[in-house]
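One structure is given below, encoded as structure tokens.
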Amino acid sequence: MAEKTAPDTGRVRGNLPPLELYVPEPRYRPGDVVDYSHLPVPPAGQLGRPDENCPASETWPMTTDMIRVLDEEDRAVGPWNPGLDAETLRRMLRTMALTRAFDDRMYRGQRQGKTSFYMKCTGEEAISVAHAHALAHDDMVFPTYRQQGILISRGYPLVEMVNQIYSNRADKLKGRQLPVMYSAKDYGFFSISGNLATQYPQAVGWAMASAIKGDTRIATAFVGEGSSAEGDFHAAMTFAAVYNAPVVLNVVNNQWAISSFSGFAGAERTTFAARAAGYGIAGLRVDGNDALAVYAASRWAADRARANQGPTLIEHFTYRAEGHSTSDDPSAYRSAQEREEWPLGDPIMRLKKHLIALGEWSEAQQEAMDRELVEQVKVATKEAEKNGVLGHGLHHPFHTMFEDVFEELPWHLEEQAAQAIREREIKWPEWKGEGA
Ligand SMILES: Cc1ncc(C[n+]2csc(CCOP(=O)(O)OP(=O)(O)O)c2C)c(N)n1
Ligand SMILES: [Mg+2]
């Protein structure tokens, strides 16, 4: 690169170098050979586990290192081992595998034109599933679009999820939300918003309200590492710290924000968990592909919040194994080898191998379970398809677009509704009268 020379503005002092910016660049682009040897992966079981009631500053070592429980021989080791029984481990494994089976079928559904859009969480199943298992069933979760595993963990009917994805007649959200942007109040699952990071201050506000009311429920929120660069993230952190809100704030660092790598959110400077220190709250950094580590960290933070010891920021270190969404093509901007070389492995395989090592599971049982889950998802999909698929017919009366915000529709919206219906009849006369 040619050496930069200062422009002759008359203000430049010749004895100083011209100022310059640093623009981050990902290590690997399409076709590059990937080598992750620069990435520190500490051995499992080495980090100490402070008491949940410790001062926030004692968690500093946990924000720069990484909490890992499953070791190279598939054993659960160290003080963070949550000591879960085999039944719970099998339930978590099953829910993670169900989440993946659901994602695979919905992805194909999008390719078949049954919906306009889908988002998978492949490789990140441990984060949502183990986190959900570490919470009380009525704690309030403020998720992003990549925590479908929480909804599935809480037993939300798959057929309702598909109804929403297909925006069909039975879609409880009446086709008003983008596919996958679920909302399930009865399951403690806050409406997913496409406006990234907005759920963070909302979660802190909910947690503060819970404390003001003297309730015992805590809130937990999720954000992607890319979205942690939004102002909302920092506003939420400030409020959480100032009022010691009973909230768990999760950052899922899957290395990518569509085609922007984590460096653009500051990953080259420090870890995302380390940001906790600047606000004076507890922080943990966890191997997000290790279901036991995710469970242990989530439980630690939830217990701390419930005991009025304040908020915790958890960074889940993982890798987005597939495209951002069905609208994305990652082969255009990153090396396909990244997924294969990812040093933390696959979360489902790791938990499966752990259960097998314990003598509590087998390859044959895994195969049988996978077949059963594929069938379970297929049945739910077929059931939902009876209610229609996106783009084939109008599933909800046109007028519903204007309803359910005000108790009574104000006159100006009534006018807009009438105008919209008139315009529709002019543009698409063949639909006249249908679903008005
Ligand atoms: C406020 C806002 N800015 C930009 C977008 C467009 N957008 C949607 S998803 C996304 C990437 C988010 O990446 P990250 O936060 O890392 O989450 P991930 O998708 O990796 O889970 C962007 C930029 C948006 N929806 N909202
Ligand atoms: Mg991301």
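Following the order of the structure tokens, first chain is A, next is B, and so on, with residues numbered from 1 inside each chain and ligands from 1 in the order they appear.
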
### Query
DSSP says alpha helix (DSSP H) for which residues of segment 137-367 of chain A? Put them as a PyMOL selection string?
chain A and resi 148-153+158-165+199-212+231-243+275-279+291-306+337-341+347-357+363-367

C-alpha atoms of the current selection, written as an mmCIF file, in the first residue's frame:
data_model
loop_
_atom_site.group_PDB
_atom_site.id
_atom_site.type_symbol
_atom_site.label_atom_id
_atom_site.label_comp_id
_atom_site.auth_asym_id
_atom_site.auth_seq_id
_atom_site.Cartn_x
_atom_site.Cartn_y
_atom_site.Cartn_z
ATOM 1 C CA GLN A 148 -36.563 -21.513 18.543
ATOM 2 C CA GLY A 149 -35.023 -24.166 20.828
ATOM 3 C CA ILE A 150 -36.474 -22.321 23.833
ATOM 4 C CA LEU A 151 -40.000 -22.505 22.488
ATOM 5 C CA ILE A 152 -39.523 -26.183 21.648
ATOM 6 C CA SER A 153 -38.007 -26.872 25.097
ATOM 7 C CA LEU A 158 -44.783 -27.602 16.587
ATOM 8 C CA VAL A 159 -47.948 -27.298 14.547
ATOM 9 C CA GLU A 160 -48.448 -23.750 15.905
ATOM 10 C CA MET A 161 -44.920 -22.860 14.880
ATOM 11 C CA VAL A 162 -45.573 -24.127 11.359
ATOM 12 C CA ASN A 163 -48.895 -22.261 11.206
ATOM 13 C CA GLN A 164 -46.960 -19.082 11.966
ATOM 14 C CA ILE A 165 -44.243 -19.868 9.419
ATOM 15 C CA GLN A 199 -35.572 -6.884 23.229
ATOM 16 C CA TYR A 200 -32.597 -6.095 25.497
ATOM 17 C CA PRO A 201 -33.948 -2.937 27.170
ATOM 18 C CA GLN A 202 -37.406 -4.511 27.132
ATOM 19 C CA ALA A 203 -36.096 -7.497 29.095
ATOM 20 C CA VAL A 204 -34.402 -5.249 31.630
ATOM 21 C CA GLY A 205 -37.607 -3.232 31.972
ATOM 22 C CA TRP A 206 -39.610 -6.425 32.475
ATOM 23 C CA ALA A 207 -37.121 -7.618 35.115
ATOM 24 C CA MET A 208 -37.316 -4.271 36.908
ATOM 25 C CA ALA A 209 -41.119 -4.466 36.888
ATOM 26 C CA SER A 210 -40.952 -7.989 38.272
ATOM 27 C CA ALA A 211 -38.816 -6.703 41.160
ATOM 28 C CA ILE A 212 -41.034 -3.659 41.726
ATOM 29 C CA GLY A 231 -27.130 1.403 21.291
ATOM 30 C CA ASP A 232 -29.962 -0.614 22.856
ATOM 31 C CA PHE A 233 -27.442 -3.147 24.150
ATOM 32 C CA HIS A 234 -25.590 -0.488 26.115
ATOM 33 C CA ALA A 235 -28.708 1.266 27.393
ATOM 34 C CA ALA A 236 -29.942 -2.089 28.686
ATOM 35 C CA MET A 237 -26.602 -2.822 30.375
ATOM 36 C CA THR A 238 -26.662 0.550 32.140
ATOM 37 C CA PHE A 239 -30.203 0.114 33.453
ATOM 38 C CA ALA A 240 -29.514 -3.476 34.502
ATOM 39 C CA ALA A 241 -26.392 -2.412 36.399
ATOM 40 C CA VAL A 242 -27.849 0.705 38.033
ATOM 41 C CA TYR A 243 -30.973 -1.013 39.387
ATOM 42 C CA ARG A 275 -17.975 -5.875 28.390
ATOM 43 C CA ALA A 276 -19.693 -6.796 31.683
ATOM 44 C CA ALA A 277 -16.765 -5.348 33.646
ATOM 45 C CA GLY A 278 -17.277 -1.881 32.221
ATOM 46 C CA TYR A 279 -20.758 -1.844 33.701
ATOM 47 C CA ALA A 291 -24.687 -28.114 26.494
ATOM 48 C CA LEU A 292 -23.458 -28.792 30.043
ATOM 49 C CA ALA A 293 -21.401 -25.598 30.158
ATOM 50 C CA VAL A 294 -24.334 -23.568 28.809
ATOM 51 C CA TYR A 295 -26.633 -25.144 31.404
ATOM 52 C CA ALA A 296 -24.176 -24.468 34.241
ATOM 53 C CA ALA A 297 -23.538 -20.839 33.302
ATOM 54 C CA SER A 298 -27.240 -20.125 32.732
ATOM 55 C CA ARG A 299 -28.154 -21.714 36.056
ATOM 56 C CA TRP A 300 -25.452 -19.762 37.883
ATOM 57 C CA ALA A 301 -26.712 -16.485 36.411
ATOM 58 C CA ALA A 302 -30.400 -17.326 36.971
ATOM 59 C CA ASP A 303 -29.760 -18.275 40.619
ATOM 60 C CA ARG A 304 -27.775 -15.074 41.112
ATOM 61 C CA ALA A 305 -30.585 -12.943 39.671
ATOM 62 C CA ARG A 306 -33.204 -14.769 41.729
ATOM 63 C CA GLN A 337 -13.941 -24.831 5.537
ATOM 64 C CA GLU A 338 -14.796 -22.740 8.590
ATOM 65 C CA ARG A 339 -17.643 -25.027 9.564
ATOM 66 C CA GLU A 340 -15.565 -28.187 9.148
ATOM 67 C CA GLU A 341 -12.609 -26.793 11.066
ATOM 68 C CA PRO A 347 -23.290 -29.588 20.153
ATOM 69 C CA ILE A 348 -25.609 -32.529 19.441
ATOM 70 C CA MET A 349 -22.752 -34.918 18.681
ATOM 71 C CA ARG A 350 -20.916 -33.874 21.832
ATOM 72 C CA LEU A 351 -23.878 -34.466 24.127
ATOM 73 C CA LYS A 352 -24.661 -37.753 22.383
ATOM 74 C CA LYS A 353 -21.086 -38.981 22.864
ATOM 75 C CA HIS A 354 -21.186 -37.934 26.517
ATOM 76 C CA LEU A 355 -24.320 -39.988 27.137
ATOM 77 C CA ILE A 356 -22.803 -42.957 25.308
ATOM 78 C CA ALA A 357 -19.628 -42.634 27.421
ATOM 79 C CA GLU A 363 -25.767 -45.043 18.416
ATOM 80 C CA ALA A 364 -28.753 -47.305 17.704
ATOM 81 C CA GLN A 365 -30.941 -45.319 20.110
ATOM 82 C CA GLN A 366 -29.780 -42.081 18.506
ATOM 83 C CA GLU A 367 -30.699 -43.329 15.025
#

### Within 9 Å of ligand 1 (only C-alpha atoms and all ligand atoms), residues as a ChimeraX atom specification
/A:119,121,144-147,193-198,223-230,251-262,265,319-320,324-325

Keeping N, CA and C atoms for every residue in the selection just given, could you write it to a file as a compact mmCIF listing (two decimals), in the first residue's frame?
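Full text of out_7.txt as output:
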# COMPACT_ATOMS: atom_id res chain seq x y z
N MET A 119 -35.25 -19.26 9.15
CA MET A 119 -33.93 -19.08 9.77
C MET A 119 -33.61 -20.31 10.62
N CYS A 121 -30.97 -22.58 13.22
CA CYS A 121 -30.01 -22.30 14.30
C CYS A 121 -28.96 -23.42 14.38
N THR A 144 -34.10 -13.83 20.33
CA THR A 144 -33.98 -13.40 18.94
C THR A 144 -34.58 -14.52 18.09
N TYR A 145 -34.48 -14.35 16.80
CA TYR A 145 -35.01 -15.35 15.85
C TYR A 145 -34.22 -16.66 15.89
N ARG A 146 -33.12 -16.75 16.65
CA ARG A 146 -32.34 -17.99 16.62
C ARG A 146 -32.49 -18.81 17.91
N GLN A 147 -33.55 -18.52 18.68
CA GLN A 147 -33.78 -19.31 19.91
C GLN A 147 -35.08 -20.10 19.83
N SER A 193 -38.69 -9.58 17.59
CA SER A 193 -38.72 -8.37 16.78
C SER A 193 -37.59 -8.40 15.76
N GLY A 194 -37.88 -7.97 14.56
CA GLY A 194 -36.85 -7.86 13.53
C GLY A 194 -35.93 -6.67 13.77
N ASN A 195 -36.35 -5.76 14.63
CA ASN A 195 -35.52 -4.59 14.93
C ASN A 195 -34.51 -5.00 16.00
N LEU A 196 -33.33 -5.32 15.55
CA LEU A 196 -32.35 -5.99 16.39
C LEU A 196 -32.06 -5.24 17.69
N ALA A 197 -31.92 -6.01 18.75
CA ALA A 197 -31.49 -5.56 20.09
C ALA A 197 -32.58 -4.84 20.87
N THR A 198 -33.73 -4.57 20.27
CA THR A 198 -34.79 -3.87 21.02
C THR A 198 -35.24 -4.68 22.22
N VAL A 223 -29.16 -11.68 22.38
CA VAL A 223 -28.80 -10.78 21.28
C VAL A 223 -27.65 -11.45 20.53
N GLY A 224 -27.54 -11.22 19.25
CA GLY A 224 -26.39 -11.73 18.50
C GLY A 224 -25.20 -10.82 18.74
N GLU A 225 -23.99 -11.36 18.52
CA GLU A 225 -22.80 -10.52 18.77
C GLU A 225 -22.81 -9.29 17.87
N GLY A 226 -23.29 -9.43 16.65
CA GLY A 226 -23.35 -8.27 15.75
C GLY A 226 -24.27 -7.20 16.31
N SER A 227 -25.41 -7.62 16.81
CA SER A 227 -26.40 -6.67 17.35
C SER A 227 -25.96 -6.04 18.66
N SER A 228 -24.94 -6.62 19.30
CA SER A 228 -24.46 -6.01 20.55
C SER A 228 -23.80 -4.66 20.27
N ALA A 229 -23.60 -4.33 18.99
CA ALA A 229 -23.06 -3.01 18.65
C ALA A 229 -24.15 -1.94 18.64
N GLU A 230 -25.42 -2.37 18.78
CA GLU A 230 -26.53 -1.41 18.81
C GLU A 230 -26.55 -0.64 20.13
N VAL A 251 -25.29 -12.98 25.07
CA VAL A 251 -24.82 -12.62 23.74
C VAL A 251 -24.42 -13.92 23.04
N VAL A 252 -25.05 -14.21 21.92
CA VAL A 252 -24.66 -15.39 21.16
C VAL A 252 -23.63 -14.96 20.12
N ASN A 253 -22.37 -15.31 20.39
CA ASN A 253 -21.30 -14.96 19.47
C ASN A 253 -21.09 -16.12 18.50
N ASN A 254 -21.81 -16.05 17.37
CA ASN A 254 -21.69 -17.12 16.36
C ASN A 254 -20.76 -16.69 15.22
N GLN A 255 -19.96 -15.68 15.48
CA GLN A 255 -18.89 -15.20 14.59
C GLN A 255 -19.36 -14.35 13.42
N TRP A 256 -20.63 -14.46 13.05
CA TRP A 256 -21.10 -13.74 11.86
C TRP A 256 -22.41 -13.01 12.12
N ALA A 257 -22.56 -11.85 11.48
CA ALA A 257 -23.81 -11.09 11.46
C ALA A 257 -24.15 -10.92 9.97
N ILE A 258 -24.93 -11.81 9.43
CA ILE A 258 -25.08 -12.01 7.99
C ILE A 258 -23.66 -12.10 7.41
N SER A 259 -23.23 -11.12 6.59
CA SER A 259 -21.90 -11.23 5.96
C SER A 259 -20.84 -10.42 6.70
N SER A 260 -21.19 -9.81 7.83
CA SER A 260 -20.20 -9.06 8.62
C SER A 260 -19.63 -9.96 9.69
N PHE A 261 -18.33 -10.05 9.79
CA PHE A 261 -17.76 -10.92 10.83
C PHE A 261 -17.72 -10.18 12.17
N SER A 262 -17.49 -10.95 13.24
CA SER A 262 -17.61 -10.41 14.60
C SER A 262 -16.66 -9.23 14.87
N ALA A 265 -18.09 -5.89 15.36
CA ALA A 265 -18.77 -5.59 16.63
C ALA A 265 -17.75 -5.49 17.76
N TYR A 319 -20.58 -21.11 16.58
CA TYR A 319 -20.39 -20.85 15.16
C TYR A 319 -21.71 -21.05 14.41
N ARG A 320 -22.08 -20.07 13.60
CA ARG A 320 -23.30 -20.21 12.79
C ARG A 320 -22.97 -21.13 11.62
N HIS A 324 -27.24 -17.26 7.14
CA HIS A 324 -27.98 -16.41 8.08
C HIS A 324 -29.47 -16.73 8.03
N SER A 325 -30.00 -16.86 6.82
CA SER A 325 -31.41 -17.17 6.62
C SER A 325 -31.52 -17.78 5.23

### Message
One decimal, in Å: what's the spacing between atom CA of Ala76 of chain A and atom CA of Pro42 of chain A?
### Response
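Taking atom CA of Ala76 of chain A as the start and atom CA of Pro42 of chain A as the end point, the length is 14.7 Å.
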
### Summary
Judged by only C-alpha atoms, the minimum distance to Thr63 of chain A among A:Gly323, A:Gly388, A:Gly283, A:Gly175 is found for A:Gly283

### Query
Which one is closest to ligand 2: A:His316, A:Arg285, A:Arg154, A:Arg91? Count only C-alpha atoms and all ligand atoms.
A:His316

### DSSP-assigned strand (DSSP E) members of segment 88-305 of chain A, reported as a list in words
Met140, Val141, Phe142, Ala219, Thr220, Ala221, Phe222, Val223, Gly224, Val247, Val248, Leu249, Asn250, Val251, Val252, Asn253, Trp256, Ala257, Ser260, Phe261, Ala282, Gly283, Leu284, Arg285, Val286 and Asp287 of chain A

So that I have them on file, write out the residues from the current selection with C-alpha atoms, as a compact mmCIF listing (two decimals), in the first residue's frame.
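Result saved to again_31.txt:
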# COMPACT_ATOMS: atom_id res chain seq x y z
CA MET A 140 -39.71 -14.57 30.88
CA VAL A 141 -37.48 -14.93 27.84
CA PHE A 142 -36.78 -12.16 25.33
CA ALA A 219 -36.10 -12.21 32.73
CA THR A 220 -33.50 -13.45 30.28
CA ALA A 221 -32.63 -11.81 26.97
CA PHE A 222 -30.68 -12.78 23.87
CA VAL A 223 -28.80 -10.78 21.28
CA GLY A 224 -26.39 -11.73 18.50
CA VAL A 247 -31.99 -10.39 34.42
CA VAL A 248 -29.64 -12.68 32.48
CA LEU A 249 -28.26 -11.00 29.37
CA ASN A 250 -26.99 -13.44 26.74
CA VAL A 251 -24.82 -12.62 23.74
CA VAL A 252 -24.66 -15.39 21.16
CA ASN A 253 -21.30 -14.96 19.47
CA TRP A 256 -21.10 -13.74 11.86
CA ALA A 257 -23.81 -11.09 11.46
CA SER A 260 -20.20 -9.06 8.62
CA PHE A 261 -17.76 -10.92 10.83
CA ALA A 282 -21.00 -10.27 36.50
CA GLY A 283 -19.84 -11.86 33.24
CA LEU A 284 -19.32 -15.43 32.01
CA ARG A 285 -17.92 -16.71 28.74
CA VAL A 286 -19.00 -20.17 27.82
CA ASP A 287 -18.39 -22.82 25.15

### Query
Which is closer to ligand 2 than all the others in A:Ser335, A:Val379, A:Glu414, A:Phe264, using only C-alpha atoms and all ligand atoms?
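Answer, going by the shortest atom-to-atom distance: A:Phe264.
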
### atom CA of Leu373 of chain A to atom CA of Gln110 of chain A, straight-line distance in Å
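Atom-to-atom, atom CA of Gln110 of chain A and atom CA of Leu373 of chain A are spaced 19.5 Å apart.
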
#### Entry: Nearest residue to Thr88 of chain A from the set A:Gly123, A:Phe406, A:Tyr156, A:Ala134 (distances using only C-alpha atoms)
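Answer, going by the shortest atom-to-atom distance: A:Ala134.
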
### Query
Interatomic distance between atom CA of Ile281 of chain A and atom CA of Asn244 of chain A?
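Interatomic distance here is 8.5 Å.
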